[in-house]
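Student: mmCIF, C-alpha atoms, file coords-v1.cif:
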```cif
data_input
loop_
_atom_site.label_atom_id
_atom_site.label_comp_id
_atom_site.auth_asym_id
_atom_site.auth_seq_id
_atom_site.Cartn_x
_atom_site.Cartn_y
_atom_site.Cartn_z
CA MET A 1 0.00 0.00 0.00
CA GLN A 2 1.29 3.43 -0.90
CA VAL A 3 2.01 5.91 1.86
CA LEU A 4 -0.63 8.37 0.62
CA GLU A 5 -3.36 5.74 0.57
CA PHE A 6 -2.37 4.58 4.06
CA LEU A 7 -2.58 8.15 5.40
CA GLU A 8 -5.93 8.66 3.71
CA GLN A 9 -7.33 5.51 5.28
CA LEU A 10 -5.95 6.65 8.61
CA PHE A 11 -7.64 10.02 8.20
CA LEU A 12 -10.96 8.43 7.23
CA THR A 13 -10.71 6.17 10.29
CA TRP A 14 -10.25 9.24 12.48
CA ALA A 15 -13.19 10.99 10.78
CA LEU A 16 -15.46 7.97 11.20
CA TYR A 17 -14.92 7.61 14.93
CA SER A 18 -15.01 11.36 15.48
CA CYS A 19 -18.46 11.35 13.86
CA ILE A 20 -19.58 8.33 15.87
CA GLY A 21 -18.38 10.11 19.01
CA TRP A 22 -20.47 13.16 18.09
CA ILE A 23 -23.53 10.97 17.54
CA TRP A 24 -22.96 9.28 20.91
CA GLU A 25 -22.46 12.53 22.82
CA THR A 26 -25.36 14.34 21.16
CA GLY A 27 -27.70 11.36 21.47
CA LEU A 28 -26.85 10.98 25.14
CA SER A 29 -27.51 14.69 25.64
CA ILE A 30 -30.95 14.34 24.02
CA VAL A 31 -31.82 11.49 26.40
CA VAL A 32 -30.59 13.34 29.50
CA ARG A 33 -31.63 16.91 28.65
CA HIS A 34 -34.66 16.13 26.47
CA ARG A 35 -33.57 18.47 23.70
CA PHE A 36 -31.04 18.67 20.91
CA VAL A 37 -27.73 20.27 21.85
CA ASP A 38 -24.76 20.07 19.48
CA ARG A 39 -22.08 18.50 21.68
CA GLY A 40 -19.16 19.07 19.35
CA VAL A 41 -16.41 21.63 19.75
CA LEU A 42 -16.26 21.99 15.98
CA ILE A 43 -19.16 23.37 13.97
CA GLY A 44 -19.57 20.11 12.06
CA PRO A 45 -20.67 16.73 13.50
CA LEU A 46 -17.28 15.67 14.85
CA CYS A 47 -15.82 15.05 18.31
CA PRO A 48 -12.08 14.83 17.53
CA ILE A 49 -11.12 13.29 20.87
CA TYR A 50 -13.05 10.13 19.95
CA GLY A 51 -11.18 9.86 16.66
CA PHE A 52 -7.80 10.23 18.35
CA GLY A 53 -8.83 7.79 21.06
CA ALA A 54 -9.79 5.19 18.47
CA LEU A 55 -6.48 5.60 16.65
CA LEU A 56 -4.54 5.20 19.89
CA VAL A 57 -6.40 1.99 20.73
CA LEU A 58 -5.95 0.58 17.22
CA PHE A 59 -2.21 1.25 17.20
CA LEU A 60 -1.22 0.68 20.82
CA LEU A 61 -3.39 -2.40 21.27
CA ASN A 62 -2.97 -3.85 17.81
CA ASP A 63 -1.85 -7.24 19.12
CA VAL A 64 -4.42 -7.48 21.92
CA THR A 65 -7.28 -9.82 20.97
CA ASN A 66 -8.58 -11.07 24.33
CA PRO A 67 -11.86 -9.18 24.92
CA ILE A 68 -11.33 -8.69 28.65
CA ALA A 69 -7.75 -7.50 28.25
CA LEU A 70 -8.84 -5.27 25.38
CA PHE A 71 -11.69 -3.80 27.44
CA LEU A 72 -9.46 -2.95 30.40
CA SER A 73 -6.54 -1.61 28.40
CA SER A 74 -8.83 0.41 26.10
CA GLY A 75 -10.45 2.03 29.12
CA VAL A 76 -7.02 3.01 30.44
CA VAL A 77 -5.93 4.44 27.08
CA ALA A 78 -9.16 6.40 26.58
CA CYS A 79 -9.24 7.81 30.11
CA THR A 80 -5.58 8.79 29.89
CA LEU A 81 -6.32 10.74 26.70
CA GLU A 82 -9.37 12.36 28.30
CA TYR A 83 -7.39 13.34 31.40
CA ILE A 84 -4.54 14.86 29.40
CA SER A 85 -6.97 16.70 27.10
CA SER A 86 -8.82 18.21 30.07
CA TYR A 87 -5.55 19.31 31.67
CA VAL A 88 -4.16 20.88 28.49
CA ILE A 89 -7.39 22.77 27.71
CA GLU A 90 -7.52 24.08 31.26
CA LYS A 91 -3.92 25.30 31.21
CA LEU A 92 -4.12 26.86 27.75
CA HIS A 93 -7.58 28.45 27.90
CA HIS A 94 -8.33 28.64 31.66
CA ILE A 95 -11.55 26.74 30.99
CA ARG A 96 -12.68 23.29 32.06
CA LEU A 97 -15.09 21.82 29.50
CA TRP A 98 -16.19 18.84 31.59
CA ASP A 99 -16.13 18.19 35.31
CA TYR A 100 -16.90 14.84 36.95
CA THR A 101 -16.23 16.02 40.50
CA ASN A 102 -19.71 14.94 41.63
CA LYS A 103 -19.44 11.54 39.94
CA PRO A 104 -18.34 8.44 41.91
CA PHE A 105 -14.80 7.14 41.45
CA ASN A 106 -13.50 10.21 39.63
CA ILE A 107 -9.89 11.38 39.35
CA ASN A 108 -9.62 15.14 39.89
CA GLY A 109 -12.95 15.57 38.12
CA ARG A 110 -11.34 14.81 34.75
CA VAL A 111 -12.25 11.12 34.33
CA TYR A 112 -14.52 8.71 36.20
CA LEU A 113 -15.59 5.08 36.33
CA ASN A 114 -18.61 5.23 34.00
CA GLY A 115 -16.47 6.84 31.32
CA PHE A 116 -13.89 4.09 31.73
CA ILE A 117 -16.56 1.43 31.25
CA ALA A 118 -18.19 3.16 28.28
CA PHE A 119 -14.91 3.89 26.50
CA GLY A 120 -13.57 0.41 27.23
CA ALA A 121 -16.68 -1.29 25.86
CA GLY A 122 -16.87 1.00 22.85
CA ALA A 123 -13.21 0.58 21.97
CA THR A 124 -13.51 -3.20 22.28
CA LEU A 125 -16.37 -3.23 19.77
CA VAL A 126 -14.41 -0.93 17.47
CA LYS A 127 -11.26 -3.05 17.56
CA LEU A 128 -12.93 -6.43 17.15
CA PHE A 129 -15.85 -5.66 14.83
CA VAL A 130 -16.25 -2.13 13.45
CA GLN A 131 -12.70 -1.49 12.27
CA PRO A 132 -12.30 -4.80 10.36
CA TRP A 133 -15.61 -4.11 8.59
CA PHE A 134 -14.69 -0.50 7.82
CA MET A 135 -11.28 -1.41 6.42
CA GLY A 136 -12.95 -4.07 4.28
CA VAL A 137 -15.26 -1.43 2.80
CA VAL A 138 -12.56 1.18 2.25
CA GLY A 139 -10.21 -1.45 0.87
CA GLN A 140 -12.59 -1.99 -2.04
CA TRP A 141 -12.47 1.66 -3.10
CA THR A 142 -10.41 2.72 -6.07
CA PRO A 143 -7.46 5.05 -5.39
CA LEU A 144 -9.39 7.87 -7.07
CA ALA A 145 -12.42 7.38 -4.81
CA LEU A 146 -10.15 7.32 -1.77
CA HIS A 147 -8.46 10.57 -2.87
CA VAL A 148 -11.76 12.34 -3.58
CA VAL A 149 -13.55 11.34 -0.36
CA SER A 150 -10.62 11.95 1.98
CA GLY A 151 -9.72 15.19 0.18
CA ALA A 152 -13.28 16.54 0.39
CA ILE A 153 -13.54 15.73 4.10
CA ALA A 154 -10.11 17.28 4.73
CA VAL A 155 -11.12 20.54 3.01
CA LEU A 156 -14.37 20.73 5.00
CA LEU A 157 -12.46 20.01 8.20
CA MET A 158 -9.93 22.77 7.54
CA VAL A 159 -12.71 25.27 6.86
CA ASP A 160 -14.53 24.13 10.00
CA ALA A 161 -11.40 24.32 12.17
CA THR A 162 -10.57 27.78 10.85
CA LEU A 163 -14.06 29.12 11.54
CA THR A 164 -14.18 27.47 14.96
CA ALA A 165 -10.83 28.96 15.93
CA ALA A 166 -11.87 32.40 14.68
CA TYR A 167 -15.16 32.38 16.59
CA SER A 168 -13.69 30.86 19.75
CA TRP A 169 -10.67 33.13 19.91
CA SER A 170 -10.44 35.36 22.99
CA PHE A 171 -13.25 33.48 24.78
CA ASP A 172 -11.26 33.45 28.01
CA THR A 173 -10.47 37.16 27.65
CA LYS A 174 -14.14 37.97 27.19
CA LEU A 175 -15.14 35.89 30.21
CA LYS A 176 -12.53 37.72 32.27
CA ARG A 177 -13.89 41.10 31.17
CA ILE A 178 -17.48 40.12 31.92
CA SER A 179 -16.48 38.80 35.34
CA GLU A 180 -14.67 42.06 36.10
CA ASP A 181 -17.76 44.07 35.17
CA VAL A 182 -19.98 42.00 37.48
CA ASN A 183 -17.43 42.16 40.32
CA ALA A 184 -17.22 45.93 39.90
CA LEU A 185 -20.97 46.15 40.50
CA HIS A 186 -20.60 44.02 43.62
CA ALA A 187 -17.80 46.25 44.90
CA GLU A 188 -19.97 49.30 44.33
CA GLN A 189 -22.78 47.68 46.30
CA VAL A 190 -20.43 47.02 49.22
CA ALA A 191 -19.28 50.63 49.11
CA ASN A 192 -22.88 51.83 49.45
CA LEU A 193 -23.83 49.87 52.54
CA ASP A 194 -25.54 52.91 53.98
CA GLU A 195 -28.50 52.20 51.70
CA LYS A 196 -31.24 49.90 52.84
CA VAL A 197 -30.11 46.33 52.33
CA VAL A 198 -33.17 45.33 50.30
CA THR A 199 -32.94 48.38 48.05
CA ALA A 200 -29.22 47.91 47.45
CA SER A 201 -29.68 44.21 46.71
CA GLU A 202 -32.49 44.83 44.24
CA ARG A 203 -30.53 47.57 42.51
CA PHE A 204 -27.44 45.34 42.24
CA GLU A 205 -29.45 42.43 40.83
CA GLU A 206 -31.11 44.64 38.24
CA ARG A 207 -27.81 46.13 37.10
CA ARG A 208 -26.12 42.71 37.12
CA ARG A 209 -28.77 41.33 34.79
CA THR A 210 -28.47 44.33 32.51
CA VAL A 211 -24.69 43.93 32.26
CA LEU A 212 -24.91 40.19 31.64
CA ASP A 213 -27.69 40.51 29.05
CA SER A 214 -25.70 43.12 27.17
CA HIS A 215 -22.56 40.96 27.14
CA VAL A 216 -24.48 37.88 25.99
CA ALA A 217 -26.07 39.76 23.11
CA HIS A 218 -23.13 41.90 22.03
CA THR A 219 -19.83 40.59 23.44
CA LEU A 220 -20.09 36.83 22.96
CA ASN A 221 -20.46 35.42 19.46
CA TRP A 222 -22.74 32.52 18.51
CA GLN A 223 -19.99 29.89 18.75
CA GLN A 224 -19.06 30.94 22.28
CA ARG A 225 -22.72 30.85 23.33
CA ARG A 226 -23.11 27.45 21.68
CA LEU A 227 -20.12 26.02 23.55
CA MET A 228 -21.58 27.13 26.89
CA GLN A 229 -24.74 25.18 26.08
CA ALA A 230 -22.88 22.20 24.62
CA PHE A 231 -20.85 21.65 27.80
CA PRO A 232 -23.14 22.03 30.84
CA ALA A 233 -20.22 21.52 33.25
CA MET A 234 -18.00 24.12 31.55
CA ARG A 235 -16.57 26.63 33.97
CA SER A 236 -13.97 29.35 33.90
CA MET A 237 -10.98 28.77 36.14
CA ARG A 238 -10.89 32.52 36.82
CA ASP A 239 -14.50 32.72 38.03
CA ASN A 240 -16.45 29.55 38.83
CA THR A 241 -19.86 31.21 38.54
CA ILE A 242 -19.60 33.52 35.54
CA ILE A 243 -20.56 30.95 32.89
CA ASP A 244 -23.61 29.84 34.88
CA GLN A 245 -24.65 33.48 35.18
CA LEU A 246 -24.29 33.91 31.42
CA ARG A 247 -26.38 30.79 30.79
CA GLU A 248 -29.13 32.23 32.97
CA SER A 249 -28.96 35.43 30.97
CA MET A 250 -29.24 33.49 27.70
CA GLU A 251 -32.35 31.72 28.96
CA ARG A 252 -33.80 35.00 30.18
CA LEU A 253 -33.26 36.71 26.84
CA ARG A 254 -34.70 33.80 24.89
CA SER A 255 -37.77 33.48 27.06
CA GLY A 256 -38.46 37.21 27.01
CA ARG A 257 -38.92 37.32 30.80
CA ARG A 258 -36.62 40.28 31.31
CA THR A 259 -37.33 42.92 33.89
CA ASN A 260 -34.36 45.21 33.29
CA GLY A 261 -35.43 46.90 30.07
CA THR A 262 -33.08 45.02 27.72
CA ARG A 263 -34.21 45.39 24.13
CA HIS A 264 -36.13 42.58 22.44
CA GLY A 265 -33.52 42.65 19.72
CA ASP A 266 -31.00 41.23 22.18
CA ALA A 267 -33.10 38.12 22.62
CA ASP A 268 -33.41 37.75 18.87
CA ALA A 269 -29.65 38.02 18.54
CA VAL A 270 -29.15 35.22 21.04
CA ASP A 271 -31.69 32.97 19.31
CA ALA A 272 -30.11 33.59 15.93
CA GLY A 273 -26.61 32.98 17.24
CA ALA A 274 -27.19 29.98 19.46
CA ARG A 275 -28.96 27.91 16.85
CA ALA A 276 -27.68 24.67 18.35
CA ASP A 277 -29.40 25.44 21.65
CA LYS A 278 -32.95 25.02 20.29
CA PRO A 279 -34.93 21.95 21.29
CA ALA A 280 -35.25 19.29 18.63
CA GLU A 281 -38.57 19.39 16.81
#
```
Show me the file's structure as structure tokens.
Tutor:
Amino acid sequence: MQVLEFLEQLFLTWALYSCIGWIWETGLSIVVRHRFVDRGVLIGPLCPIYGFGALLVLFLLNDVTNPIALFLSSGVVACTLEYISSYVIEKLHHIRLWDYTNKPFNINGRVYLNGFIAFGAGATLVKLFVQPWFMGVVGQWTPLALHVVSGAIAVLLMVDATLTAAYSWSFDTKLKRISEDVNALHAEQVANLDEKVVTASERFEERRRTVLDSHVAHTLNWQQRRLMQAFPAMRSMRDNTIIDQLRESMERLRSGRRTNGTRHGDADAVDAGARADKPAE
């Protein structure tokens, strides 16, 4: 087999399991949350970590055929990848996308037992059944078909990755700025303790909502809003509560139950931008 064809098959393998991972994550979200939420980091239907996990299992455990040994070792490989990915994302972007702290048998909130079982079982099925079938199908393609399909997917992926990076850029910086604005309001409230407590609290809450609604509608772009909905456990390492506050603001703007005078256009902007947040029809 030529090197190019081998790399193309490798790429298609990654794309297949990235897509299957997206279907799994999104389907699970529909069952748990009773609505459609795009669970991918990319705009398209791909969860890259699943593709990389599958490749690691296929290469590192190539000689493992015993189902039990394959299940256990696959779980270790997958959870190691998940742990490292969580750590790197947190250090680079100051954001934790998933958090299993409240799950039993977790390790620093990055991986936990149920994930180990699910990944181990899934990888075992992939190694013993899905991958042999897939390679049999792809092996029957002509070189031209292989070039066209892998090339088309690669172009779409590059466009997707470029757009995702452009829309997600400076997310941490924006969260920091929003957090500073909210904290400034809190500091002002503390400085005016001579007011009646109830009056000061009501005034702070009203202004807090106004600031958050404005940032949701005008500071964050649709991809950043989508990511906050796609990862319910996402939190900023700079401010543990700011993302939850922004989610509440998004719901408030969409529902129209605002009491702070924010324009209706802001709600429309959120609905148009966070298209992946809508319930499935």
Student: To verify the selection step, state as a VMD selection string which residues the PyMOL selection byres ((chain A and resi 110) around 6) yields on this input.
Tutor: chain A and resid 83 99 to 100 107 to 109 111
Student: Show me, as JSON lines, the residues of stretch 144-176 of chain A having an atom within 12 Å of stretch 14-20 of chain A, each with the closest atom pair and its distance in Å, using all atoms listed in the file.
Tutor:
```
{"residue": "A:Val149", "atom": "CA", "partner": "A:Ala15", "partner_atom": "CA", "distance": 11.2}
{"residue": "A:Ser150", "atom": "CA", "partner": "A:Ala15", "partner_atom": "CA", "distance": 9.2}
{"residue": "A:Gly151", "atom": "CA", "partner": "A:Ala15", "partner_atom": "CA", "distance": 11.9}
{"residue": "A:Ala152", "atom": "CA", "partner": "A:Ala15", "partner_atom": "CA", "distance": 11.8}
{"residue": "A:Ile153", "atom": "CA", "partner": "A:Ala15", "partner_atom": "CA", "distance": 8.2}
{"residue": "A:Ala154", "atom": "CA", "partner": "A:Ala15", "partner_atom": "CA", "distance": 9.3}
{"residue": "A:Leu156", "atom": "CA", "partner": "A:Ala15", "partner_atom": "CA", "distance": 11.4}
{"residue": "A:Leu157", "atom": "CA", "partner": "A:Ala15", "partner_atom": "CA", "distance": 9.4}
```
Student: Set the distance at 7 Å and use all atoms listed in the file: which residues neighbour A:Asn221 once local chain neighbours fewer than 2 positions away are removed? I'd like the list as a JSON list (two decimals) with C-alpha atoms, keeping the file's coordinate frame.
Tutor:
```json
[["chain", "number", "residue", "atom", "x", "y", "z"],
["A", 167, "TYR", "CA", -15.16, 32.38, 16.59],
["A", 219, "THR", "CA", -19.83, 40.59, 23.44],
["A", 223, "GLN", "CA", -19.99, 29.89, 18.75],
["A", 224, "GLN", "CA", -19.06, 30.94, 22.28],
["A", 225, "ARG", "CA", -22.72, 30.85, 23.33],
["A", 273, "GLY", "CA", -26.61, 32.98, 17.24]]
```
Student: At what distance in Å, to one decimal, does atom CA of A:Phe231 lie from atom CA of A:Glu205?
Tutor: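 Answer for the atom CA of A:Glu205 to atom CA of A:Phe231 separation: 26.0 Å.
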Student: As an exercise, work out the distance from atom CA of A:Cys47 to atom CA of A:Glu25 in Å and give it to one decimal place.
Tutor: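 Distance reported for this atom pair: 8.4 Å.
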Student: Which value, in Å to one decimal, gives the distance between atom CA of A:Ser73 and atom CA of A:Val57?
Tutor: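 Distance reported for this atom pair: 8.5 Å.
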Student: Which residues would end up in the selection if the PyMOL selection byres ((chain A and resi 114) around 12) were applied here, given that I need the answer as a ChimeraX atom specification?
Tutor: /A:75,79,100,103-107,111-113,115-121
Student: Quick one: apply the PyMOL selection byres ((chain A and resi 161) around 12) to the file and drop the selected residues here as a PyMOL selection string.
Tutor: chain A and resi 40-44+46-48+153-160+162-169
Student: Take the residues from that selection and write them out as a tab-separated table (two decimals), in the coordinates of the input, keeping C-alpha atoms.
Tutor:
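Contents of result_39.tsv, as written:
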```tsv
chain	number	residue	atom	x	y	z
A	40	GLY	CA	-19.16	19.07	19.35
A	41	VAL	CA	-16.41	21.63	19.75
A	42	LEU	CA	-16.26	21.99	15.98
A	43	ILE	CA	-19.16	23.37	13.97
A	44	GLY	CA	-19.57	20.11	12.06
A	46	LEU	CA	-17.28	15.67	14.85
A	47	CYS	CA	-15.82	15.05	18.31
A	48	PRO	CA	-12.08	14.83	17.53
A	153	ILE	CA	-13.54	15.73	4.10
A	154	ALA	CA	-10.11	17.28	4.73
A	155	VAL	CA	-11.12	20.54	3.01
A	156	LEU	CA	-14.37	20.73	5.00
A	157	LEU	CA	-12.46	20.01	8.20
A	158	MET	CA	-9.93	22.77	7.54
A	159	VAL	CA	-12.71	25.27	6.86
A	160	ASP	CA	-14.53	24.13	10.00
A	162	THR	CA	-10.57	27.78	10.85
A	163	LEU	CA	-14.06	29.12	11.54
A	164	THR	CA	-14.18	27.47	14.96
A	165	ALA	CA	-10.83	28.96	15.93
A	166	ALA	CA	-11.87	32.40	14.68
A	167	TYR	CA	-15.16	32.38	16.59
A	168	SER	CA	-13.69	30.86	19.75
A	169	TRP	CA	-10.67	33.13	19.91
```
Student: From the set A:Gly27, A:Val130, A:Ser170, A:Glu206, which residue has the shortest atom-to-atom contact distance to A:Leu185, counting only C-alpha atoms?
Tutor: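 Residue with the minimum atom-to-atom distance to A:Leu185: A:Glu206.
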Student: Would you kindly identify which residues have an atom no farther than 8 Å from (-32.6, 16.2, 21.5), using only C-alpha atoms and the file's own coordinates, and write them out as a list in words?
Tutor: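 It turns out the residues near that spot are Thr26, Gly27, Ser29, Ile30, Val31, Arg33, His34, Arg35, Phe36, Val37, Pro279 and Ala280 of chain A.
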Student: Please determine, counting all atoms listed in the file, which residue among A:Gly51, A:Gly139, A:Gly122, A:Pro45 has the shortest atom-to-atom distance to A:Leu81.
Tutor: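 Comparing A:Gly51, A:Gly139, A:Gly122, A:Pro45 against A:Leu81, the winner is A:Gly51.
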Student: Have stretch 132-148 of chain A completed to N, CA and C atoms, please, and pass it along as a PDB file, keeping the file's coordinate frame.
Tutor:
```pdb
ATOM      1  N   PRO A 132     -12.486  -3.826  11.445  1.00  0.00           N
ATOM      2  CA  PRO A 132     -12.300  -4.800  10.360  1.00  0.00           C
ATOM      3  C   PRO A 132     -13.321  -4.612   9.234  1.00  0.00           C
ATOM      4  N   TRP A 133     -14.575  -4.351   9.601  1.00  0.00           N
ATOM      5  CA  TRP A 133     -15.610  -4.110   8.590  1.00  0.00           C
ATOM      6  C   TRP A 133     -15.314  -2.852   7.790  1.00  0.00           C
ATOM      7  N   PHE A 134     -14.942  -1.772   8.491  1.00  0.00           N
ATOM      8  CA  PHE A 134     -14.690  -0.500   7.820  1.00  0.00           C
ATOM      9  C   PHE A 134     -13.504  -0.616   6.858  1.00  0.00           C
ATOM     10  N   MET A 135     -12.445  -1.256   7.285  1.00  0.00           N
ATOM     11  CA  MET A 135     -11.280  -1.410   6.420  1.00  0.00           C
ATOM     12  C   MET A 135     -11.605  -2.294   5.217  1.00  0.00           C
ATOM     13  N   GLY A 136     -12.514  -3.251   5.406  1.00  0.00           N
ATOM     14  CA  GLY A 136     -12.950  -4.070   4.280  1.00  0.00           C
ATOM     15  C   GLY A 136     -13.682  -3.248   3.240  1.00  0.00           C
ATOM     16  N   VAL A 137     -14.512  -2.309   3.721  1.00  0.00           N
ATOM     17  CA  VAL A 137     -15.260  -1.430   2.800  1.00  0.00           C
ATOM     18  C   VAL A 137     -14.313  -0.482   2.084  1.00  0.00           C
ATOM     19  N   VAL A 138     -13.478   0.212   2.845  1.00  0.00           N
ATOM     20  CA  VAL A 138     -12.560   1.180   2.250  1.00  0.00           C
ATOM     21  C   VAL A 138     -11.548   0.498   1.338  1.00  0.00           C
ATOM     22  N   GLY A 139     -11.173  -0.723   1.680  1.00  0.00           N
ATOM     23  CA  GLY A 139     -10.210  -1.450   0.870  1.00  0.00           C
ATOM     24  C   GLY A 139     -10.700  -1.761  -0.526  1.00  0.00           C
ATOM     25  N   GLN A 140     -12.016  -1.720  -0.724  1.00  0.00           N
ATOM     26  CA  GLN A 140     -12.590  -1.990  -2.040  1.00  0.00           C
ATOM     27  C   GLN A 140     -12.681  -0.732  -2.906  1.00  0.00           C
ATOM     28  N   TRP A 141     -12.395   0.423  -2.328  1.00  0.00           N
ATOM     29  CA  TRP A 141     -12.470   1.660  -3.100  1.00  0.00           C
ATOM     30  C   TRP A 141     -11.285   1.747  -4.061  1.00  0.00           C
ATOM     31  N   THR A 142     -11.510   2.427  -5.159  1.00  0.00           N
ATOM     32  CA  THR A 142     -10.410   2.720  -6.070  1.00  0.00           C
ATOM     33  C   THR A 142      -9.555   3.834  -5.480  1.00  0.00           C
ATOM     34  N   PRO A 143      -8.291   3.951  -5.882  1.00  0.00           N
ATOM     35  CA  PRO A 143      -7.460   5.050  -5.390  1.00  0.00           C
ATOM     36  C   PRO A 143      -8.092   6.419  -5.624  1.00  0.00           C
ATOM     37  N   LEU A 144      -8.758   6.589  -6.772  1.00  0.00           N
ATOM     38  CA  LEU A 144      -9.390   7.870  -7.070  1.00  0.00           C
ATOM     39  C   LEU A 144     -10.497   8.176  -6.068  1.00  0.00           C
ATOM     40  N   ALA A 145     -11.336   7.181  -5.780  1.00  0.00           N
ATOM     41  CA  ALA A 145     -12.420   7.380  -4.810  1.00  0.00           C
ATOM     42  C   ALA A 145     -11.856   7.730  -3.440  1.00  0.00           C
ATOM     43  N   LEU A 146     -10.782   7.054  -3.065  1.00  0.00           N
ATOM     44  CA  LEU A 146     -10.150   7.320  -1.770  1.00  0.00           C
ATOM     45  C   LEU A 146      -9.617   8.750  -1.724  1.00  0.00           C
ATOM     46  N   HIS A 147      -8.996   9.206  -2.811  1.00  0.00           N
ATOM     47  CA  HIS A 147      -8.460  10.570  -2.870  1.00  0.00           C
ATOM     48  C   HIS A 147      -9.581  11.599  -2.771  1.00  0.00           C
ATOM     49  N   VAL A 148     -10.656  11.367  -3.524  1.00  0.00           N
ATOM     50  CA  VAL A 148     -11.760  12.340  -3.580  1.00  0.00           C
ATOM     51  C   VAL A 148     -12.458  12.456  -2.231  1.00  0.00           C
TER      52      VAL A 148
END
```
